[in-house]
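Source file: upload_26.cif (mmCIF, C-alpha atoms and all ligand atoms)
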```cif
data_work
loop_
_atom_site.label_atom_id
_atom_site.label_comp_id
_atom_site.auth_asym_id
_atom_site.auth_seq_id
_atom_site.Cartn_x
_atom_site.Cartn_y
_atom_site.Cartn_z
CA VAL J 1 -12.97 -24.83 99.66
CA GLY J 2 -14.88 -27.56 101.55
CA VAL J 3 -13.16 -30.72 102.69
CA ASP J 4 -14.91 -32.88 100.05
CA GLN J 5 -14.04 -30.44 97.31
CA TYR J 6 -10.41 -30.47 98.48
CA TRP J 7 -10.21 -34.25 98.18
CA ARG J 8 -12.17 -34.32 94.90
CA SER J 9 -9.61 -31.93 93.45
CA PHE J 10 -7.03 -34.72 93.69
CA SER J 11 -9.13 -37.54 92.29
CA ASN J 12 -8.26 -36.68 88.69
CA HIS J 13 -4.57 -37.00 89.58
CA VAL J 14 -4.92 -40.76 90.03
CA GLY J 15 -3.10 -42.44 87.16
CA MET J 16 -0.59 -39.59 86.78
CA SER J 17 3.06 -40.47 86.65
CA VAL J 18 5.22 -39.38 89.57
CA ALA J 19 7.08 -37.04 87.21
CA GLU J 20 3.87 -35.04 86.69
CA LEU J 21 3.14 -34.40 90.36
CA ASP J 22 3.37 -30.99 91.91
CA THR J 23 6.00 -30.67 94.64
CA PRO J 24 6.87 -30.95 97.40
CA CYS J 25 4.66 -33.93 98.16
CA LEU J 26 4.83 -36.92 100.45
CA LEU J 27 5.11 -40.14 98.43
CA LEU J 28 4.14 -43.51 99.83
CA ASP J 29 5.21 -46.53 97.81
CA LEU J 30 2.37 -49.01 98.16
CA ASP J 31 4.41 -52.12 97.30
CA ALA J 32 7.08 -51.24 99.87
CA LEU J 33 4.43 -50.47 102.52
CA GLU J 34 2.65 -53.78 101.92
CA ALA J 35 5.94 -55.68 101.94
CA ASN J 36 6.80 -54.13 105.31
CA LEU J 37 3.40 -54.91 106.81
CA ASP J 38 3.60 -58.49 105.50
CA SER J 39 7.12 -59.16 106.69
CA LEU J 40 6.49 -58.15 110.31
CA SER J 41 4.67 -61.37 111.20
CA ARG J 42 7.44 -63.43 109.57
CA LEU J 43 10.04 -61.70 111.75
CA LEU J 44 8.30 -62.27 115.09
CA PRO J 45 10.39 -64.42 117.38
CA ARG J 46 7.30 -66.30 118.69
CA THR J 47 4.06 -67.29 117.02
CA ASP J 48 1.88 -66.46 120.04
CA LEU J 49 2.82 -62.75 120.15
CA ALA J 50 0.19 -60.09 119.66
CA VAL J 51 1.10 -57.08 117.53
CA ARG J 52 -0.38 -53.68 118.27
CA PRO J 53 1.36 -51.35 115.79
CA HIS J 54 1.90 -47.75 116.80
CA ALA J 55 -0.10 -45.26 114.71
CA LYS J 56 1.96 -42.32 115.98
CA THR J 57 4.11 -42.93 112.91
CA HIS J 58 1.58 -43.09 110.07
CA LYS J 59 -1.43 -41.31 111.64
CA SER J 60 -3.59 -43.02 109.05
CA PRO J 61 -6.74 -45.12 109.65
CA ARG J 62 -6.21 -46.63 106.21
CA ILE J 63 -2.79 -48.01 107.16
CA ALA J 64 -4.14 -49.03 110.58
CA ARG J 65 -6.84 -51.09 108.84
CA MET J 66 -4.17 -52.74 106.66
CA GLN J 67 -2.30 -53.68 109.85
CA LEU J 68 -5.48 -55.01 111.47
CA ALA J 69 -6.22 -57.05 108.35
CA ARG J 70 -2.80 -58.65 108.79
CA GLY J 71 -3.60 -59.80 112.30
CA ALA J 72 -2.83 -56.83 114.56
CA VAL J 73 -4.92 -57.09 117.74
CA GLY J 74 -5.44 -53.33 117.87
CA ILE J 75 -3.58 -50.08 117.37
CA CYS J 76 -1.44 -47.92 119.68
CA CYS J 77 -1.91 -44.15 119.78
CA ALA J 78 0.46 -41.74 121.45
CA LYS J 79 -2.16 -39.17 122.41
CA LEU J 80 -5.86 -39.06 123.12
CA SER J 81 -6.60 -36.86 120.10
CA GLU J 82 -4.77 -39.35 117.86
CA ALA J 83 -7.00 -42.08 119.26
CA GLU J 84 -10.10 -39.92 118.72
CA SER J 85 -9.06 -39.30 115.16
CA LEU J 86 -8.53 -42.99 114.38
CA VAL J 87 -11.65 -44.17 116.20
CA GLY J 88 -13.63 -41.49 114.34
CA ALA J 89 -12.37 -43.10 111.13
CA GLY J 90 -13.48 -46.59 112.14
CA VAL J 91 -10.57 -48.09 114.12
CA GLU J 92 -12.20 -50.05 116.94
CA ASP J 93 -9.47 -51.00 119.41
CA VAL J 94 -6.84 -48.53 120.63
CA LEU J 95 -4.27 -48.34 123.42
CA VAL J 96 -3.29 -44.79 124.40
CA THR J 97 0.36 -45.24 125.34
CA THR J 98 0.66 -41.98 127.29
CA GLN J 99 -1.19 -41.30 130.53
CA VAL J 100 -4.28 -39.10 130.09
CA VAL J 101 -4.30 -36.18 132.55
CA GLY J 102 -6.74 -33.32 133.21
CA GLU J 103 -10.52 -33.06 133.60
CA ALA J 104 -11.39 -32.22 130.00
CA LYS J 105 -9.23 -34.99 128.57
CA VAL J 106 -10.56 -37.54 131.03
CA ARG J 107 -14.12 -36.71 129.94
CA ARG J 108 -13.09 -37.14 126.30
CA LEU J 109 -11.36 -40.42 127.09
CA ILE J 110 -14.53 -41.80 128.62
CA GLY J 111 -16.54 -40.49 125.68
CA LEU J 112 -14.19 -42.41 123.39
CA ALA J 113 -14.55 -45.55 125.49
CA ARG J 114 -18.29 -45.49 124.70
CA GLN J 115 -17.48 -45.80 120.99
CA ALA J 116 -14.58 -48.27 120.88
CA VAL J 117 -12.39 -50.56 122.95
CA VAL J 118 -10.01 -48.09 124.58
CA ARG J 119 -7.09 -49.04 126.79
CA VAL J 120 -4.92 -46.62 128.71
CA VAL J 121 -1.70 -46.65 130.72
CA PHE J 122 -1.05 -45.12 134.14
CA ASP J 123 2.07 -44.28 136.07
CA ASP J 124 0.30 -42.27 138.75
CA GLU J 125 -2.55 -43.25 141.05
CA ARG J 126 -4.06 -39.75 140.87
CA ALA J 127 -4.56 -40.04 137.14
CA ALA J 128 -6.10 -43.48 137.60
CA ARG J 129 -8.51 -42.14 140.27
CA ALA J 130 -9.68 -39.36 137.96
CA VAL J 131 -10.37 -41.78 135.10
CA SER J 132 -12.06 -44.22 137.46
CA ALA J 133 -14.44 -41.55 138.81
CA GLU J 134 -15.47 -40.46 135.31
CA ALA J 135 -15.80 -44.07 134.09
CA LEU J 136 -18.04 -44.83 137.03
CA ARG J 137 -20.24 -41.81 136.29
CA ALA J 138 -20.56 -42.90 132.67
CA GLY J 139 -21.04 -46.57 133.48
CA VAL J 140 -18.09 -47.78 131.41
CA ARG J 141 -15.07 -49.89 132.32
CA LEU J 142 -11.61 -49.36 130.85
CA ASP J 143 -8.80 -51.85 130.52
CA CYS J 144 -5.52 -50.41 131.69
CA LEU J 145 -1.82 -51.13 132.01
CA VAL J 146 0.73 -49.91 134.52
CA ASP J 147 3.41 -47.98 132.64
CA VAL J 148 6.83 -49.09 133.92
CA ASN J 149 10.09 -47.22 133.43
CA VAL J 150 12.40 -49.92 132.10
CA GLY J 151 15.27 -47.53 131.36
CA GLN J 152 14.17 -44.68 129.12
CA ASP J 153 13.53 -42.40 132.11
CA ARG J 154 10.61 -40.77 130.31
CA THR J 155 7.30 -41.95 131.74
CA GLY J 156 6.63 -44.95 133.93
CA VAL J 157 6.77 -45.96 137.54
CA ALA J 158 9.96 -47.51 138.93
CA PRO J 159 10.36 -51.26 138.17
CA ASP J 160 9.94 -52.36 141.76
CA LEU J 161 7.28 -52.52 144.45
CA SER J 162 6.03 -49.05 143.43
CA ALA J 163 4.62 -50.69 140.29
CA VAL J 164 2.87 -53.23 142.51
CA ALA J 165 1.44 -50.46 144.71
CA LEU J 166 0.04 -48.72 141.63
CA GLY J 167 -1.31 -52.02 140.29
CA GLN J 168 -3.05 -52.72 143.59
CA ALA J 169 -4.53 -49.22 143.67
CA ILE J 170 -5.86 -49.60 140.12
CA LYS J 171 -7.24 -53.05 140.87
CA ALA J 172 -9.23 -51.56 143.75
CA LEU J 173 -10.70 -48.76 141.60
CA LYS J 174 -14.12 -49.18 140.06
CA GLY J 175 -14.47 -48.51 136.36
CA LEU J 176 -10.94 -49.77 135.65
CA ARG J 177 -9.78 -53.27 134.83
CA LEU J 178 -6.07 -53.91 135.34
CA LYS J 179 -4.73 -55.97 132.44
CA GLY J 180 -0.99 -55.81 132.91
CA LEU J 181 2.05 -53.73 132.03
CA GLN J 182 3.62 -51.48 129.45
CA GLY J 183 7.41 -51.15 129.46
CA TYR J 184 8.64 -49.28 126.39
CA GLU J 185 12.39 -48.96 125.85
CA GLY J 186 12.43 -46.11 123.35
CA ASN J 187 16.02 -45.16 124.15
CA LEU J 188 17.31 -48.36 122.52
CA GLN J 189 15.53 -48.32 119.19
CA LEU J 190 18.29 -46.64 117.20
CA LEU J 191 21.36 -48.26 118.75
CA GLN J 192 23.38 -49.11 115.66
CA THR J 193 24.53 -52.68 116.12
CA ALA J 194 22.17 -55.57 116.68
CA SER J 195 24.31 -56.89 119.52
CA SER J 196 24.31 -53.56 121.40
CA ARG J 197 20.52 -53.41 121.06
CA ARG J 198 20.07 -56.98 122.18
CA ASP J 199 22.29 -56.46 125.23
CA ALA J 200 20.67 -53.18 126.24
CA ASN J 201 17.25 -54.71 125.68
CA ARG J 202 18.13 -57.58 128.01
CA VAL J 203 18.66 -55.11 130.85
CA CYS J 204 15.27 -53.48 130.16
CA MET J 205 13.47 -56.82 129.87
CA GLU J 206 15.05 -58.00 133.12
CA ARG J 207 13.54 -54.94 134.81
CA LEU J 208 10.17 -55.67 133.22
CA GLY J 209 10.49 -59.34 134.17
CA VAL J 210 11.02 -58.39 137.82
CA VAL J 211 7.73 -56.46 137.77
CA VAL J 212 5.92 -59.32 136.00
CA ASP J 213 7.07 -61.70 138.78
CA LEU J 214 6.06 -59.21 141.47
CA PHE J 215 2.63 -58.77 139.86
CA ARG J 216 2.12 -62.54 139.77
CA LYS J 217 3.25 -62.89 143.38
CA HIS J 218 0.74 -60.25 144.45
CA GLY J 219 -2.11 -61.70 142.42
CA LEU J 220 -2.15 -58.87 139.86
CA CYS J 221 -3.07 -59.49 136.24
CA VAL J 222 -0.27 -59.73 133.65
CA ASP J 223 -2.38 -60.93 130.73
CA THR J 224 -0.87 -58.10 128.67
CA VAL J 225 2.79 -57.13 128.79
CA SER J 226 3.35 -54.63 125.98
CA THR J 227 6.73 -53.36 124.81
CA ALA J 228 9.18 -52.73 121.96
CA GLY J 229 9.50 -50.75 118.75
CA THR J 230 10.91 -51.36 115.30
CA GLY J 231 14.48 -51.63 116.60
CA THR J 232 13.82 -54.09 119.42
CA PHE J 233 10.71 -56.18 118.73
CA ARG J 234 12.78 -59.19 117.67
CA PHE J 235 14.64 -59.11 120.99
CA GLY J 236 11.84 -58.12 123.38
CA GLY J 237 9.44 -60.57 121.79
CA ALA J 238 11.71 -63.47 122.70
CA TYR J 239 10.98 -63.05 126.43
CA PRO J 240 8.16 -65.45 127.35
CA PHE J 241 6.37 -62.94 129.61
CA VAL J 242 6.05 -60.38 126.77
CA THR J 243 2.66 -60.73 125.08
CA GLU J 244 2.39 -57.67 122.83
CA LEU J 245 4.67 -55.60 120.58
CA GLN J 246 4.24 -51.94 119.58
CA PRO J 247 6.41 -51.23 116.49
CA GLY J 248 5.52 -48.12 114.51
CA SER J 249 8.20 -46.99 112.06
CA TYR J 250 8.55 -50.42 110.40
CA ALA J 251 5.54 -49.64 108.20
CA VAL J 252 7.20 -46.84 106.25
CA MET J 253 10.77 -46.54 107.59
CA ASP J 254 13.19 -43.63 107.34
CA SER J 255 16.87 -43.03 106.59
CA THR J 256 17.83 -43.19 110.29
CA TYR J 257 16.27 -46.62 110.85
CA ALA J 258 17.73 -47.80 107.53
CA GLN J 259 21.19 -47.51 109.11
CA VAL J 260 20.28 -49.60 112.13
CA GLU J 261 21.71 -53.09 111.77
CA GLY J 262 19.10 -55.81 111.48
CA VAL J 263 16.17 -53.49 110.69
CA GLU J 264 15.43 -54.69 107.21
CA PHE J 265 12.19 -53.05 106.18
CA ARG J 266 11.88 -51.16 102.90
CA LEU J 267 11.97 -47.38 102.52
CA ALA J 268 8.34 -46.72 101.59
CA LEU J 269 8.32 -42.99 102.25
CA SER J 270 9.91 -40.06 100.45
CA VAL J 271 9.30 -36.41 99.71
CA LEU J 272 9.30 -35.53 96.03
CA THR J 273 11.02 -32.21 95.39
CA SER J 274 11.84 -30.02 92.35
CA VAL J 275 14.86 -27.88 91.62
CA VAL J 276 13.68 -24.26 92.00
CA SER J 277 17.06 -22.55 91.69
CA ARG J 278 20.25 -23.49 89.86
CA GLN J 279 23.19 -21.16 90.29
CA GLN J 280 26.88 -21.68 89.43
CA ASP J 281 27.69 -23.23 92.76
CA ARG J 282 24.27 -24.32 94.03
CA ILE J 283 21.21 -26.42 93.32
CA VAL J 284 18.23 -25.72 95.54
CA VAL J 285 15.01 -27.74 95.83
CA ASP J 286 11.57 -26.72 97.11
CA ALA J 287 11.48 -28.79 100.32
CA GLY J 288 12.74 -27.32 103.59
CA SER J 289 11.81 -27.93 107.18
CA LYS J 290 8.07 -27.52 106.47
CA ALA J 291 8.21 -30.63 104.27
CA LEU J 292 11.05 -32.66 105.84
CA SER J 293 11.78 -32.76 109.56
CA THR J 294 15.39 -32.48 110.72
CA ASP J 295 15.04 -33.49 114.39
CA TYR J 296 16.98 -36.70 113.51
CA GLY J 297 19.45 -34.86 111.28
CA GLN J 298 19.45 -34.18 107.55
CA PRO J 299 17.22 -36.33 105.34
CA ARG J 300 18.90 -38.34 102.57
CA PRO J 301 18.19 -38.17 98.84
CA ARG J 302 17.24 -41.53 97.31
CA ASP J 303 20.01 -40.94 94.74
CA PRO J 304 23.25 -41.95 96.54
CA ALA J 305 25.25 -39.41 94.51
CA LEU J 306 23.42 -36.59 96.31
CA SER J 307 23.18 -35.29 99.81
CA TYR J 308 20.75 -32.73 101.20
CA LEU J 309 21.19 -29.75 103.48
CA SER J 310 18.14 -27.97 104.84
CA GLN J 311 18.06 -24.26 103.95
CA GLY J 312 15.25 -23.16 106.21
CA ASP J 313 11.50 -23.50 106.01
CA GLU J 314 10.97 -23.87 102.27
CA HIS J 315 14.31 -24.84 100.70
CA GLY J 316 17.01 -27.46 100.70
CA LYS J 317 20.39 -27.52 99.01
CA LEU J 318 21.53 -30.57 97.02
CA ILE J 319 25.18 -31.42 97.35
CA PHE J 320 26.73 -33.46 94.54
CA SER J 321 29.66 -35.81 94.82
CA GLY J 322 30.38 -35.35 91.08
CA PRO J 323 29.42 -32.54 88.68
CA PRO J 324 25.84 -31.32 89.22
CA SER J 325 23.56 -33.15 86.82
CA MET J 326 20.24 -31.52 87.64
CA ASP J 327 18.56 -28.48 86.21
CA LEU J 328 15.63 -26.22 86.91
CA GLY J 329 12.39 -28.18 87.35
CA ASP J 330 14.10 -31.59 87.72
CA ARG J 331 12.70 -33.88 90.39
CA THR J 332 14.35 -35.91 93.07
CA GLU J 333 13.11 -37.96 96.03
CA ILE J 334 14.38 -37.27 99.54
CA ILE J 335 14.03 -39.96 102.22
CA PRO J 336 12.97 -38.45 105.57
CA SER J 337 15.40 -38.89 108.44
CA HIS J 338 12.43 -39.26 110.83
CA CYS J 339 9.19 -40.64 109.44
CA ASP J 340 6.88 -39.65 112.35
CA THR J 341 7.69 -35.96 112.39
CA THR J 342 7.85 -35.67 108.59
CA ILE J 343 4.45 -37.32 108.07
CA ASN J 344 2.97 -34.94 110.64
CA LEU J 345 3.92 -32.05 108.32
CA HIS J 346 1.72 -33.30 105.47
CA ASP J 347 -2.03 -33.37 104.81
CA ARG J 348 -1.93 -36.43 102.59
CA TYR J 349 0.07 -39.32 101.25
CA THR J 350 0.39 -39.49 97.49
CA VAL J 351 0.28 -43.26 97.11
CA ILE J 352 2.29 -44.59 94.20
CA GLN J 353 2.84 -47.96 92.58
CA GLY J 354 5.28 -48.62 89.74
CA GLY J 355 5.86 -44.89 89.27
CA PHE J 356 2.15 -43.97 89.01
CA VAL J 357 -0.30 -42.43 91.44
CA VAL J 358 -2.87 -44.92 92.74
CA GLY J 359 -4.49 -42.78 95.41
CA PHE J 360 -4.37 -39.98 97.95
CA TRP J 361 -4.73 -40.97 101.59
CA PRO J 362 -5.29 -38.32 104.25
CA VAL J 363 -2.88 -38.09 107.17
CA THR J 364 -6.03 -38.07 109.27
CA ALA J 365 -4.39 -37.60 112.64
CA ARG J 366 -1.97 -34.95 111.41
CA GLY J 367 -1.48 -32.42 114.18
CA SER J 368 -3.33 -34.61 116.72
CA ILE J 369 -0.84 -33.90 119.47
CA GLN J 370 -3.16 -33.19 122.38
C1 LIG A 1 5.24 -46.08 123.61
C2 LIG A 1 5.77 -46.34 122.24
N1 LIG A 1 5.66 -47.55 121.70
C3 LIG A 1 6.12 -47.84 120.48
C4 LIG A 1 6.73 -46.88 119.69
C5 LIG A 1 7.17 -47.24 118.29
O1 LIG A 1 8.48 -47.08 118.05
P1 LIG A 1 9.13 -47.19 116.59
O2 LIG A 1 8.54 -46.14 115.73
O3 LIG A 1 10.55 -46.98 116.86
O4 LIG A 1 8.80 -48.55 116.09
C6 LIG A 1 6.90 -45.58 120.21
C7 LIG A 1 7.59 -44.55 119.42
O5 LIG A 1 8.00 -43.51 119.86
C8 LIG A 1 6.39 -45.30 121.51
O6 LIG A 1 6.51 -44.07 122.05
#
```
Would you mind writing the structure in this file as structure tokens?
Amino acid sequence: VGVDQYWRSFSNHVGMSVAELDTPCLLLDLDALEANLDSLSRLLPRTDLAVRPHAKTHKSPRIARMQLARGAVGICCAKLSEAESLVGAGVEDVLVTTQVVGEAKVRRLIGLARQAVVRVVFDDERAARAVSAEALRAGVRLDCLVDVNVGQDRTGVAPDLSAVALGQAIKALKGLRLKGLQGYEGNLQLLQTASSRRDANRVCMERLGVVVDLFRKHGLCVDTVSTAGTGTFRFGGAYPFVTELQPGSYAVMDSTYAQVEGVEFRLALSVLTSVVSRQQDRIVVDAGSKALSTDYGQPRPRDPALSYLSQGDEHGKLIFSGPPSMDLGDRTEIIPSHCDTTINLHDRYTVIQGGFVVGFWPVTARGSIQ
């Protein structure tokens, strides 16, 4: 079956009610998605902040365009292949938030920079040199940010004079244009209380602030200082040196973020499942770990009287607080515990509004992990 034929096969499902859909399938509630995208700008702590939403969550050029239409300055991508996928689908301004390493990837990066505005981050001079050499050969110039470790201890150069040394090295390299800093504090996003997140964020922003001051003192550009996710953008954005925010999950949300105090976006995403086995003591649905990720724990049924327990690749058990009220073929929606990794399991979003299907959107960058 060709790709076009595959998509055409769904077109006659538009207008169906959710109850008629085959399962398991990834549902995206359009009203909730739009409400989330709209409310972001209202929640920003300053009016002069740029938003560059992270597409690692939704992996969809369609949603990226909706974000751009609402004023986003561009889109973040976690990996080069994700950026390629989105640029190939018409997104014109991307920041790759992970350093690009290796000859083949560097060539692809420069190829991408011929088609769109592409920014990259570096935490190592050797990676910057490799990109510079290829950019020079191709006659392109890339904007770039120094990736600073503000506390997550994942990527990023130390928040001290080592960041300055890297900034100076990049500034001296042809084919690169130093624009500023990235300091992502991913370890704080899910801290439960707003006050614990605000306090922990202060420590990270103080580290980033030290580097901003050092950059200024050494005549290095800090036009862009990019940080934050769904859990921290309201705190990070309050620091005057921060210019750009990178929230991702806010667009669709998940059951883990729904428990984080002060994160008040709507649950737009669910996986529709059917009961495929009903025994005396058990009700089992057709969605297991191939339809719902469990890296953040068990997903949560939308119906509060139920809980879900993954039963391997293809199945999940429903646990009832009262007497079981579901039978063979009955449907129920399960809210993913982690939106990013669940979306990456699906080829398409079944987009619904008021209980009816209004479209099928491809998860275009599904599997783009390279
Ligand atoms: C560099 C970077 N920025 C922003 C985000 C977005 O975070 P969230 O989905 O929590 O909003 C992530 C997510 O992992 C990330 O890695």
* Protein and nucleic residues near ligand LIG 1 (chain A), 10 Å, all atoms listed in the file, as JSON, numbers by chain -> {"J": [52, 53, 54, 55, 56, 57, 58, 76, 77, 78, 79, 95, 96, 97, 98, 121, 147, 154, 155, 182, 183, 184, 185, 186, 187, 188, 189, 190, 226, 227, 228, 229, 230, 231, 232, 233, 245, 246, 247, 248, 249, 250, 251, 252, 253, 254, 257, 338, 339, 340]}
* Straight-line distance linking CA of Val157 (chain J) with CA of Gly111 (chain J), stated in Å to one decimal ->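 Taking CA of Val157 (chain J) and CA of Gly111 (chain J), their separation equals 26.7 Å.
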* Between CA of Leu80 (chain J) and CA of Leu220 (chain J) - distance in Å to one decimal -> 26.2 Å
* To do: Skip region 314-326 of chain J itself and residues of its chain fewer than 2 positions away, then list as a PyMOL selection string all residues within 8 Å of it, counting only C-alpha atoms.
  => chain J and resi 275+282-291+305-312+328+330
* **Residue nearest Tyr349 (chain J) - candidates J:Val91, J:Ala130, J:Ala83, J:Ala268, atoms counted: all atoms listed in the file** => J:Ala268
Around region 313-330 of chain J, with edges along x, y and z and 4 Å added on all six sides, what centre and edge lengths do you get, in Å to one decimal, as JSON?
```
{"center_x": 20.7, "center_y": -29.7, "center_z": 96.1, "size_x": 27.4, "size_y": 20.3, "size_z": 27.8}
```
Residues near region 60-67 of chain J, anyone? I mean within 8 Å using only C-alpha atoms, not counting same-chain ones fewer than 3 positions away, as a PDB file with C-alpha atoms, in the frame of the given file.
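Result file out.pdb:
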```
ATOM      1  CA  LEU J  37       3.400 -54.910 106.810  1.00  0.00           C
ATOM      2  CA  PRO J  53       1.360 -51.350 115.790  1.00  0.00           C
ATOM      3  CA  ALA J  55      -0.100 -45.260 114.710  1.00  0.00           C
ATOM      4  CA  ARG J  70      -2.800 -58.650 108.790  1.00  0.00           C
ATOM      5  CA  GLY J  71      -3.600 -59.800 112.300  1.00  0.00           C
ATOM      6  CA  ALA J  72      -2.830 -56.830 114.560  1.00  0.00           C
ATOM      7  CA  ILE J  75      -3.580 -50.080 117.370  1.00  0.00           C
ATOM      8  CA  LEU J  86      -8.530 -42.990 114.380  1.00  0.00           C
ATOM      9  CA  ALA J  89     -12.370 -43.100 111.130  1.00  0.00           C
ATOM     10  CA  GLY J  90     -13.480 -46.590 112.140  1.00  0.00           C
ATOM     11  CA  VAL J  91     -10.570 -48.090 114.120  1.00  0.00           C
ATOM     12  CA  TRP J 361      -4.730 -40.970 101.590  1.00  0.00           C
ATOM     13  CA  PRO J 362      -5.290 -38.320 104.250  1.00  0.00           C
ATOM     14  CA  VAL J 363      -2.880 -38.090 107.170  1.00  0.00           C
ATOM     15  CA  THR J 364      -6.030 -38.070 109.270  1.00  0.00           C
ATOM     16  CA  ALA J 365      -4.390 -37.600 112.640  1.00  0.00           C
TER      17      ALA J 365
END
```
* Non-local contacts of Asp123 (chain J) (10 Å; all atoms listed in the file; under 5 positions in same chain excluded) as a VMD selection string -> chain J and resid 98 to 99 128 145 to 149 155 to 158 162 to 163 166 to 167 182
Per residue of region 228-310 of chain J within 10 Å of region 195-205 of chain J, what are the shortest atom pair and its distance in Å to one decimal, counting only C-alpha atoms, with rows by chain and residue number, as CSV?
```
residue,atom,partner,partner_atom,distance
J:Ala228,CA,J:Asn201,CA,9.1
J:Gly231,CA,J:Arg197,CA,7.7
J:Thr232,CA,J:Arg197,CA,6.9
J:Phe233,CA,J:Asn201,CA,9.7
J:Arg234,CA,J:Arg198,CA,8.9
J:Phe235,CA,J:Arg198,CA,6.0
J:Gly236,CA,J:Asn201,CA,6.8
J:Gly237,CA,J:Met205,CA,9.8
J:Ala238,CA,J:Met205,CA,9.9
J:Tyr239,CA,J:Met205,CA,7.5
J:Phe241,CA,J:Met205,CA,9.4
J:Val242,CA,J:Met205,CA,8.8
J:Val260,CA,J:Arg197,CA,9.7
J:Glu261,CA,J:Ser195,CA,9.0
J:Gly262,CA,J:Ser195,CA,9.6
```
* Asked: What does the distance between CA of His346 (chain J) and CA of Pro24 (chain J) come to in Å, to one decimal place?
  ->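 Between CA of His346 (chain J) and CA of Pro24 (chain J) the gap works out to 9.9 Å.
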